[in-house]
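With mmCIF, C-alpha atoms; chains and numbers go by the auth columns inside, this is coords.cif:
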```cif
data_input
#
loop_
_atom_site.group_PDB
_atom_site.id
_atom_site.type_symbol
_atom_site.label_atom_id
_atom_site.label_comp_id
_atom_site.label_asym_id
_atom_site.label_seq_id
_atom_site.Cartn_x
_atom_site.Cartn_y
_atom_site.Cartn_z
_atom_site.B_iso_or_equiv
_atom_site.auth_seq_id
_atom_site.auth_asym_id
ATOM 1 C CA MET A 1 117.336 -19.348 -17.777 0.00 15 R
ATOM 2 C CA LYS A 2 116.768 -21.023 -21.130 0.00 16 R
ATOM 3 C CA LYS A 3 113.724 -18.836 -21.808 0.00 17 R
ATOM 4 C CA LEU A 4 115.708 -15.782 -20.806 0.00 18 R
ATOM 5 C CA LEU A 5 118.550 -16.581 -23.184 0.00 19 R
ATOM 6 C CA LEU A 6 116.288 -17.417 -26.110 0.00 20 R
ATOM 7 C CA LEU A 7 115.238 -13.812 -26.550 0.00 21 R
ATOM 8 C CA PRO A 8 118.766 -12.473 -26.663 0.00 22 R
ATOM 9 C CA LEU A 9 119.180 -14.492 -29.761 0.00 23 R
ATOM 10 C CA PHE A 10 116.775 -12.154 -31.264 0.00 24 R
ATOM 11 C CA ALA A 11 118.962 -9.388 -30.008 0.00 25 R
ATOM 12 C CA VAL A 12 122.334 -10.846 -30.713 0.00 26 R
ATOM 13 C CA VAL A 13 121.747 -11.404 -34.315 0.00 27 R
ATOM 14 C CA LEU A 14 118.858 -9.196 -35.115 0.00 28 R
ATOM 15 C CA SER A 15 120.392 -6.140 -33.629 0.00 29 R
ATOM 16 C CA PHE A 16 123.991 -6.404 -33.991 0.00 30 R
ATOM 17 C CA PHE A 17 123.342 -5.451 -37.592 0.00 31 R
ATOM 18 C CA CYS A 18 123.307 -5.072 -41.271 0.00 32 R
ATOM 19 C CA SER A 19 122.040 -7.059 -44.137 0.00 33 R
ATOM 20 C CA GLY A 20 122.121 -6.216 -47.838 0.00 34 R
ATOM 21 C CA ALA A 21 124.333 -3.168 -47.584 0.00 35 R
ATOM 22 C CA SER A 22 128.046 -3.055 -47.104 0.00 36 R
ATOM 23 C CA ALA A 23 129.522 -1.846 -43.836 0.00 37 R
ATOM 24 C CA GLN A 24 130.531 1.412 -45.472 0.00 38 R
ATOM 25 C CA ALA A 25 126.942 2.132 -46.514 0.00 39 R
ATOM 26 C CA VAL A 26 125.742 2.607 -42.936 0.00 40 R
ATOM 27 C CA ASP A 27 126.371 5.881 -41.117 0.00 41 R
ATOM 28 C CA THR A 28 128.027 4.899 -37.825 0.00 42 R
ATOM 29 C CA SER A 29 128.472 8.462 -36.559 0.00 43 R
ATOM 30 C CA SER A 30 125.036 8.505 -34.876 0.00 44 R
ATOM 31 C CA PRO A 31 124.179 5.514 -32.633 0.00 45 R
ATOM 32 C CA ASP A 32 120.398 5.717 -32.924 0.00 46 R
ATOM 33 C CA VAL A 33 120.387 6.287 -36.684 0.00 47 R
ATOM 34 C CA MET A 34 122.861 3.448 -37.142 0.00 48 R
ATOM 35 C CA MET A 35 120.725 1.007 -35.172 0.00 49 R
ATOM 36 C CA LYS A 36 117.547 1.959 -37.011 0.00 50 R
ATOM 37 C CA THR A 37 119.246 1.433 -40.368 0.00 51 R
ATOM 38 C CA ILE A 38 120.883 -1.886 -39.677 0.00 52 R
ATOM 39 C CA THR A 39 117.910 -3.341 -37.811 0.00 53 R
ATOM 40 C CA SER A 40 115.639 -2.535 -40.747 0.00 54 R
ATOM 41 C CA GLU A 41 118.052 -4.131 -43.185 0.00 55 R
ATOM 42 C CA VAL A 42 118.556 -7.220 -41.013 0.00 56 R
ATOM 43 C CA LEU A 43 114.827 -7.777 -40.666 0.00 57 R
ATOM 44 C CA ASP A 44 114.384 -7.512 -44.427 0.00 58 R
ATOM 45 C CA GLN A 45 117.036 -10.159 -45.035 0.00 59 R
ATOM 46 C CA LEU A 46 115.848 -12.487 -42.292 0.00 60 R
ATOM 47 C CA LYS A 47 112.345 -12.433 -43.724 0.00 61 R
ATOM 48 C CA SER A 48 113.520 -13.250 -47.259 0.00 62 R
ATOM 49 C CA ASP A 49 116.470 -15.617 -46.738 0.00 63 R
ATOM 50 C CA LYS A 50 115.152 -19.164 -47.096 0.00 64 R
ATOM 51 C CA GLN A 51 118.379 -20.738 -45.835 0.00 65 R
ATOM 52 C CA ILE A 52 118.204 -18.797 -42.578 0.00 66 R
ATOM 53 C CA GLN A 53 114.528 -19.643 -42.199 0.00 67 R
ATOM 54 C CA SER A 54 115.436 -23.319 -42.563 0.00 68 R
ATOM 55 C CA GLY A 55 117.917 -22.957 -39.695 0.00 69 R
ATOM 56 C CA SER A 56 121.147 -23.222 -41.704 0.00 70 R
ATOM 57 C CA ILE A 57 124.030 -22.679 -39.265 0.00 71 R
ATOM 58 C CA THR A 58 126.372 -22.051 -42.193 0.00 72 R
ATOM 59 C CA ARG A 59 124.202 -19.275 -43.610 0.00 73 R
ATOM 60 C CA ILE A 60 123.572 -17.715 -40.196 0.00 74 R
ATOM 61 C CA THR A 61 127.314 -17.713 -39.469 0.00 75 R
ATOM 62 C CA GLU A 62 127.961 -16.052 -42.827 0.00 76 R
ATOM 63 C CA LEU A 63 125.395 -13.362 -42.034 0.00 77 R
ATOM 64 C CA VAL A 64 126.972 -12.661 -38.657 0.00 78 R
ATOM 65 C CA ASN A 65 130.560 -12.588 -39.933 0.00 79 R
ATOM 66 C CA GLU A 66 129.865 -10.556 -43.067 0.00 80 R
ATOM 67 C CA LYS A 67 127.091 -8.206 -42.033 0.00 81 R
ATOM 68 C CA ILE A 68 126.974 -8.015 -38.234 0.00 82 R
ATOM 69 C CA LEU A 69 130.488 -8.039 -36.827 0.00 83 R
ATOM 70 C CA PRO A 70 131.513 -4.760 -38.546 0.00 84 R
ATOM 71 C CA TYR A 71 129.155 -2.971 -36.147 0.00 85 R
ATOM 72 C CA THR A 72 130.076 -4.787 -32.942 0.00 86 R
ATOM 73 C CA ASP A 73 133.038 -5.165 -30.646 0.00 87 R
ATOM 74 C CA PHE A 74 132.671 -8.763 -29.589 0.00 88 R
ATOM 75 C CA THR A 75 136.086 -8.817 -27.994 0.00 89 R
ATOM 76 C CA ARG A 76 134.876 -6.088 -25.630 0.00 90 R
ATOM 77 C CA THR A 77 131.731 -8.110 -24.934 0.00 91 R
ATOM 78 C CA THR A 78 133.769 -11.177 -24.030 0.00 92 R
ATOM 79 C CA ARG A 79 136.281 -9.197 -21.966 0.00 93 R
ATOM 80 C CA LEU A 80 133.513 -7.648 -19.866 0.00 94 R
ATOM 81 C CA ALA A 81 131.807 -11.021 -19.429 0.00 95 R
ATOM 82 C CA MET A 82 135.092 -12.444 -18.082 0.00 96 R
ATOM 83 C CA GLY A 83 135.761 -9.408 -15.868 0.00 97 R
ATOM 84 C CA ARG A 84 139.175 -9.299 -14.205 0.00 98 R
ATOM 85 C CA ASN A 85 139.777 -12.892 -15.334 0.00 99 R
ATOM 86 C CA TRP A 86 140.372 -11.549 -18.838 0.00 100 R
ATOM 87 C CA ASN A 87 143.800 -10.249 -17.817 0.00 101 R
ATOM 88 C CA THR A 88 144.850 -13.662 -16.528 0.00 102 R
ATOM 89 C CA ALA A 89 144.336 -15.236 -19.951 0.00 103 R
ATOM 90 C CA THR A 90 147.052 -15.309 -22.587 0.00 104 R
ATOM 91 C CA PRO A 91 146.397 -13.517 -25.919 0.00 105 R
ATOM 92 C CA GLN A 92 145.870 -16.920 -27.537 0.00 106 R
ATOM 93 C CA GLN A 93 143.367 -17.959 -24.867 0.00 107 R
ATOM 94 C CA GLN A 94 141.560 -14.638 -25.221 0.00 108 R
ATOM 95 C CA GLN A 95 141.202 -15.091 -28.974 0.00 109 R
ATOM 96 C CA GLN A 96 139.998 -18.674 -28.610 0.00 110 R
ATOM 97 C CA ILE A 97 137.427 -17.753 -25.955 0.00 111 R
ATOM 98 C CA VAL A 98 136.093 -14.898 -28.105 0.00 112 R
ATOM 99 C CA GLU A 99 135.616 -17.276 -31.038 0.00 113 R
ATOM 100 C CA GLN A 100 134.019 -20.022 -28.927 0.00 114 R
ATOM 101 C CA PHE A 101 131.688 -17.536 -27.211 0.00 115 R
ATOM 102 C CA LYS A 102 130.619 -16.104 -30.559 0.00 116 R
ATOM 103 C CA THR A 103 129.982 -19.615 -31.891 0.00 117 R
ATOM 104 C CA LEU A 104 127.993 -20.479 -28.767 0.00 118 R
ATOM 105 C CA LEU A 105 125.685 -17.503 -29.229 0.00 119 R
ATOM 106 C CA ILE A 106 125.172 -18.259 -32.928 0.00 120 R
ATOM 107 C CA ARG A 107 124.335 -21.902 -32.256 0.00 121 R
ATOM 108 C CA THR A 108 122.181 -21.148 -29.202 0.00 122 R
ATOM 109 C CA TYR A 109 120.050 -18.619 -31.030 0.00 123 R
ATOM 110 C CA SER A 110 119.957 -19.963 -34.594 0.00 124 R
ATOM 111 C CA GLY A 111 116.527 -21.502 -34.058 0.00 125 R
ATOM 112 C CA ALA A 112 114.990 -18.164 -33.095 0.00 126 R
ATOM 113 C CA LEU A 113 116.386 -16.481 -36.190 0.00 127 R
ATOM 114 C CA ALA A 114 114.561 -18.941 -38.381 0.00 128 R
ATOM 115 C CA GLN A 115 111.286 -17.819 -36.769 0.00 129 R
ATOM 116 C CA VAL A 116 111.605 -14.112 -37.636 0.00 130 R
ATOM 117 C CA ARG A 117 108.638 -13.204 -39.806 0.00 131 R
ATOM 118 C CA ASN A 118 106.470 -10.173 -39.042 0.00 132 R
ATOM 119 C CA GLN A 119 108.243 -8.546 -36.120 0.00 133 R
ATOM 120 C CA GLU A 120 108.373 -4.763 -36.058 0.00 134 R
ATOM 121 C CA VAL A 121 110.673 -2.487 -34.065 0.00 135 R
ATOM 122 C CA GLU A 122 109.731 0.810 -32.443 0.00 136 R
ATOM 123 C CA TYR A 123 112.485 3.041 -31.081 0.00 137 R
ATOM 124 C CA LYS A 124 112.131 5.164 -27.983 0.00 138 R
ATOM 125 C CA PRO A 125 113.348 8.792 -28.048 0.00 139 R
ATOM 126 C CA PHE A 126 117.138 8.806 -27.966 0.00 140 R
ATOM 127 C CA ARG A 127 118.619 10.828 -25.115 0.00 141 R
ATOM 128 C CA ALA A 128 122.340 11.509 -24.922 0.00 142 R
ATOM 129 C CA ASP A 129 124.725 14.432 -24.708 0.00 143 R
ATOM 130 C CA PRO A 130 127.008 15.173 -27.683 0.00 144 R
ATOM 131 C CA SER A 131 129.996 14.477 -25.431 0.00 145 R
ATOM 132 C CA ASP A 132 128.804 10.998 -24.379 0.00 146 R
ATOM 133 C CA THR A 133 130.982 8.088 -25.462 0.00 147 R
ATOM 134 C CA ASP A 134 128.821 5.274 -24.021 0.00 148 R
ATOM 135 C CA VAL A 135 125.084 5.274 -24.727 0.00 149 R
ATOM 136 C CA VAL A 136 121.991 3.079 -24.755 0.00 150 R
ATOM 137 C CA VAL A 137 119.581 2.939 -27.703 0.00 151 R
ATOM 138 C CA ARG A 138 116.203 1.717 -26.465 0.00 152 R
ATOM 139 C CA SER A 139 113.571 -0.037 -28.526 0.00 153 R
ATOM 140 C CA VAL A 140 110.539 -2.295 -28.327 0.00 154 R
ATOM 141 C CA VAL A 141 110.015 -5.304 -30.585 0.00 155 R
ATOM 142 C CA LEU A 142 106.390 -6.000 -31.428 0.00 156 R
ATOM 143 C CA ASN A 143 106.127 -9.780 -31.685 0.00 157 R
ATOM 144 C CA ASN A 144 102.564 -10.623 -32.710 0.00 158 R
ATOM 145 C CA GLY A 145 101.421 -7.601 -30.749 0.00 159 R
ATOM 146 C CA SER A 146 103.388 -8.464 -27.596 0.00 160 R
ATOM 147 C CA PRO A 147 106.037 -5.823 -26.762 0.00 161 R
ATOM 148 C CA ILE A 148 109.562 -7.067 -25.973 0.00 162 R
ATOM 149 C CA GLN A 149 112.094 -4.654 -24.492 0.00 163 R
ATOM 150 C CA LEU A 150 115.267 -4.634 -26.599 0.00 164 R
ATOM 151 C CA ASP A 151 118.071 -2.175 -25.845 0.00 165 R
ATOM 152 C CA TYR A 152 121.579 -1.789 -27.220 0.00 166 R
ATOM 153 C CA ARG A 153 124.638 -0.453 -25.438 0.00 167 R
ATOM 154 C CA LEU A 154 127.195 1.181 -27.714 0.00 168 R
ATOM 155 C CA TYR A 155 130.492 2.967 -27.258 0.00 169 R
ATOM 156 C CA LYS A 156 132.261 5.440 -29.494 0.00 170 R
ATOM 157 C CA THR A 157 135.394 4.390 -31.374 0.00 171 R
ATOM 158 C CA PRO A 158 137.551 6.192 -33.956 0.00 172 R
ATOM 159 C CA GLN A 159 135.725 4.112 -36.579 0.00 173 R
ATOM 160 C CA GLY A 160 132.266 5.069 -35.310 0.00 174 R
ATOM 161 C CA TRP A 161 129.831 3.602 -32.785 0.00 175 R
ATOM 162 C CA LYS A 162 129.903 -0.122 -31.985 0.00 176 R
ATOM 163 C CA VAL A 163 127.500 -2.341 -30.064 0.00 177 R
ATOM 164 C CA TYR A 164 128.923 -4.394 -27.215 0.00 178 R
ATOM 165 C CA ASP A 165 125.918 -5.376 -25.075 0.00 179 R
ATOM 166 C CA ILE A 166 122.191 -5.990 -25.456 0.00 180 R
ATOM 167 C CA ASN A 167 119.300 -5.983 -23.028 0.00 181 R
ATOM 168 C CA VAL A 168 116.202 -8.145 -23.447 0.00 182 R
ATOM 169 C CA LEU A 169 113.359 -7.817 -20.940 0.00 183 R
ATOM 170 C CA GLY A 170 115.684 -6.233 -18.401 0.00 184 R
ATOM 171 C CA ALA A 171 118.532 -8.756 -18.708 0.00 185 R
ATOM 172 C CA TRP A 172 121.844 -7.622 -20.207 0.00 186 R
ATOM 173 C CA LEU A 173 123.759 -10.241 -22.178 0.00 187 R
ATOM 174 C CA ILE A 174 127.113 -9.602 -20.481 0.00 188 R
ATOM 175 C CA GLN A 175 125.624 -9.799 -17.011 0.00 189 R
ATOM 176 C CA ALA A 176 123.821 -13.029 -17.888 0.00 190 R
ATOM 177 C CA TYR A 177 127.138 -14.762 -18.627 0.00 191 R
ATOM 178 C CA GLN A 178 129.409 -13.164 -16.013 0.00 192 R
ATOM 179 C CA GLN A 179 128.532 -15.542 -13.186 0.00 193 R
ATOM 180 C CA GLN A 180 128.786 -18.625 -15.360 0.00 194 R
ATOM 181 C CA PHE A 181 132.165 -17.571 -16.757 0.00 195 R
ATOM 182 C CA ASN A 182 133.485 -16.696 -13.302 0.00 196 R
ATOM 183 C CA GLU A 183 132.392 -20.034 -11.837 0.00 197 R
ATOM 184 C CA GLN A 184 134.105 -21.981 -14.594 0.00 198 R
ATOM 185 C CA ILE A 185 137.337 -20.022 -14.159 0.00 199 R
ATOM 186 C CA GLN A 186 137.299 -20.264 -10.361 0.00 200 R
ATOM 187 C CA GLN A 187 136.831 -24.023 -10.527 0.00 201 R
ATOM 188 C CA HIS A 188 138.887 -24.961 -13.573 0.00 202 R
ATOM 189 C CA GLY A 189 140.935 -21.930 -14.645 0.00 203 R
ATOM 190 C CA VAL A 190 140.858 -20.087 -17.971 0.00 204 R
ATOM 191 C CA ASP A 191 141.513 -23.326 -19.838 0.00 205 R
ATOM 192 C CA GLY A 192 138.489 -24.761 -18.062 0.00 206 R
ATOM 193 C CA LEU A 193 136.269 -22.002 -19.426 0.00 207 R
ATOM 194 C CA LEU A 194 137.633 -22.591 -22.908 0.00 208 R
ATOM 195 C CA GLN A 195 137.014 -26.325 -22.594 0.00 209 R
ATOM 196 C CA PHE A 196 133.488 -25.683 -21.308 0.00 210 R
ATOM 197 C CA LEU A 197 132.619 -23.423 -24.251 0.00 211 R
ATOM 198 C CA THR A 198 134.184 -25.819 -26.755 0.00 212 R
ATOM 199 C CA ALA A 199 132.322 -28.794 -25.307 0.00 213 R
ATOM 200 C CA ARG A 200 129.034 -26.886 -25.267 0.00 214 R
ATOM 201 C CA ASN A 201 129.477 -25.932 -28.904 0.00 215 R
ATOM 202 C CA GLN A 202 130.147 -29.543 -29.784 0.00 216 R
ATOM 203 C CA GLN A 203 126.966 -30.599 -27.980 0.00 217 R
ATOM 204 C CA LEU A 204 124.935 -28.028 -29.892 0.00 218 R
ATOM 205 C CA ALA A 205 126.557 -29.081 -33.164 0.00 219 R
ATOM 206 C CA ASN A 206 125.415 -32.645 -32.408 0.00 220 R
ATOM 207 C CA GLY A 207 121.878 -31.456 -31.785 0.00 221 R
ATOM 208 C CA LYS A 208 121.938 -31.586 -27.987 0.00 222 R
ATOM 209 C CA THR A 209 120.194 -28.571 -26.419 0.00 223 R
ATOM 210 C CA SER A 210 120.182 -29.539 -22.733 0.00 224 R
#
```
Could you spell out this file's structure in structure tokens?
Amino acid sequence: MKKLLLLPLFAVVLSFFCSGASAQAVDTSSPDVMMKTITSEVLDQLKSDKQIQSGSITRITELVNEKILPYTDFTRTTRLAMGRNWNTATPQQQQQIVEQFKTLLIRTYSGALAQVRNQEVEYKPFRADPSDTDVVVRSVVLNNGSPIQLDYRLYKTPQGWKVYDINVLGAWLIQAYQQQFNEQIQQHGVDGLLQFLTARNQQLANGKTS
């Protein structure tokens, strides 16, 4: 499981989006063009940012908040991971879980970000009808010559396309967390899930990875 979740780091941060340009500078009207643009810009910044390469959580968090979140709907990601349990949570609980889940992903995958050096991304032909509102952009990451499947699921909003799920080597991020979230809620309620995420983040902040 740990090996499986290490690669999504690469996806979570690397694909959710942009680096030196402002959010307005990226055309979000076409999902495949948008992903090609922001992935290229993210890779450029990851390869040149010494703080990220040193594993700075502060710098990585800044990158995510400033350059990645404009192109994602992380609330949708969290809601789908919780399934029907989302509706049993209060608005305050929902907001807290979204923030703790986002922090968990950043902390879990920060080490992999620091290792981004010479990776290249090749995109597969994009196939979708003009009327589609939910699409998948498929790509392959060449990591020292070894291909890694990396796909993005996006949906259309009035503000343009947004990413809400990623697939690495056949495993979608939302699906990977659904069972774990459901088990926590079934055993301890929504507050139990929030406590679990908060405690896990504290462990990671203290340098505990197991």
Report task. Work out how far apart CA of Lys64 in chain R and CA of Ala219 in chain R are and give it in Å to one decimal. Result -> 20.6 Å
So which residues touch Arg141 in chain R within 10 Å, counting only C-alpha atoms, skipping near sequence neighbours fewer than 5 positions away, as an mmCIF file with C-alpha atoms, in the coordinates of the input?
```
data_model
loop_
_atom_site.group_PDB
_atom_site.id
_atom_site.type_symbol
_atom_site.label_atom_id
_atom_site.label_comp_id
_atom_site.auth_asym_id
_atom_site.auth_seq_id
_atom_site.Cartn_x
_atom_site.Cartn_y
_atom_site.Cartn_z
ATOM 1 C CA ASP R 46 120.398 5.717 -32.924
ATOM 2 C CA VAL R 149 125.084 5.274 -24.727
ATOM 3 C CA VAL R 150 121.991 3.079 -24.755
ATOM 4 C CA VAL R 151 119.581 2.939 -27.703
ATOM 5 C CA ARG R 152 116.203 1.717 -26.465
#
```
Query - Atomic separation - CA of Val154 in chain R relative to CA of Tyr137 in chain R, Å - result: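 CA of Val154 in chain R lies at a distance of 6.3 Å from CA of Tyr137 in chain R.
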Query raised in the report: Quick one: of R:Gln107, R:Thr86, R:Ser54, R:Gln217, who's nearest to Lys176 in chain R, counting all atoms listed in the file?
Result: R:Thr86
Query raised in the report: Do you know which residues the PyMOL selection byres ((chain R and resi 44) around 12) returns on this file, as JSON, numbers by chain?
Result: {"R": [40, 41, 42, 43, 45, 46, 47, 48, 49, 50, 51, 140, 141, 142, 143, 144, 146, 147, 148, 149, 150, 151, 168, 169, 170, 171, 173, 174, 175, 176]}
Please save C-alpha atoms of the selected residues as a PDB file, in the coordinates of the input.
```
ATOM      1  CA  VAL R  40     125.742   2.607 -42.936  1.00  0.00           C
ATOM      2  CA  ASP R  41     126.371   5.881 -41.117  1.00  0.00           C
ATOM      3  CA  THR R  42     128.027   4.899 -37.825  1.00  0.00           C
ATOM      4  CA  SER R  43     128.472   8.462 -36.559  1.00  0.00           C
ATOM      5  CA  PRO R  45     124.179   5.514 -32.633  1.00  0.00           C
ATOM      6  CA  ASP R  46     120.398   5.717 -32.924  1.00  0.00           C
ATOM      7  CA  VAL R  47     120.387   6.287 -36.684  1.00  0.00           C
ATOM      8  CA  MET R  48     122.861   3.448 -37.142  1.00  0.00           C
ATOM      9  CA  MET R  49     120.725   1.007 -35.172  1.00  0.00           C
ATOM     10  CA  LYS R  50     117.547   1.959 -37.011  1.00  0.00           C
ATOM     11  CA  THR R  51     119.246   1.433 -40.368  1.00  0.00           C
ATOM     12  CA  PHE R 140     117.138   8.806 -27.966  1.00  0.00           C
ATOM     13  CA  ARG R 141     118.619  10.828 -25.115  1.00  0.00           C
ATOM     14  CA  ALA R 142     122.340  11.509 -24.922  1.00  0.00           C
ATOM     15  CA  ASP R 143     124.725  14.432 -24.708  1.00  0.00           C
ATOM     16  CA  PRO R 144     127.008  15.173 -27.683  1.00  0.00           C
ATOM     17  CA  ASP R 146     128.804  10.998 -24.379  1.00  0.00           C
ATOM     18  CA  THR R 147     130.982   8.088 -25.462  1.00  0.00           C
ATOM     19  CA  ASP R 148     128.821   5.274 -24.021  1.00  0.00           C
ATOM     20  CA  VAL R 149     125.084   5.274 -24.727  1.00  0.00           C
ATOM     21  CA  VAL R 150     121.991   3.079 -24.755  1.00  0.00           C
ATOM     22  CA  VAL R 151     119.581   2.939 -27.703  1.00  0.00           C
ATOM     23  CA  LEU R 168     127.195   1.181 -27.714  1.00  0.00           C
ATOM     24  CA  TYR R 169     130.492   2.967 -27.258  1.00  0.00           C
ATOM     25  CA  LYS R 170     132.261   5.440 -29.494  1.00  0.00           C
ATOM     26  CA  THR R 171     135.394   4.390 -31.374  1.00  0.00           C
ATOM     27  CA  GLN R 173     135.725   4.112 -36.579  1.00  0.00           C
ATOM     28  CA  GLY R 174     132.266   5.069 -35.310  1.00  0.00           C
ATOM     29  CA  TRP R 175     129.831   3.602 -32.785  1.00  0.00           C
ATOM     30  CA  LYS R 176     129.903  -0.122 -31.985  1.00  0.00           C
TER      31      LYS R 176
END
```
Query raised in the report: When you draw a straight line from CA of Val56 in chain R to CA of Pro161 in chain R, how long is it in Å?
Result: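 A separation of 19.0 Å between them.
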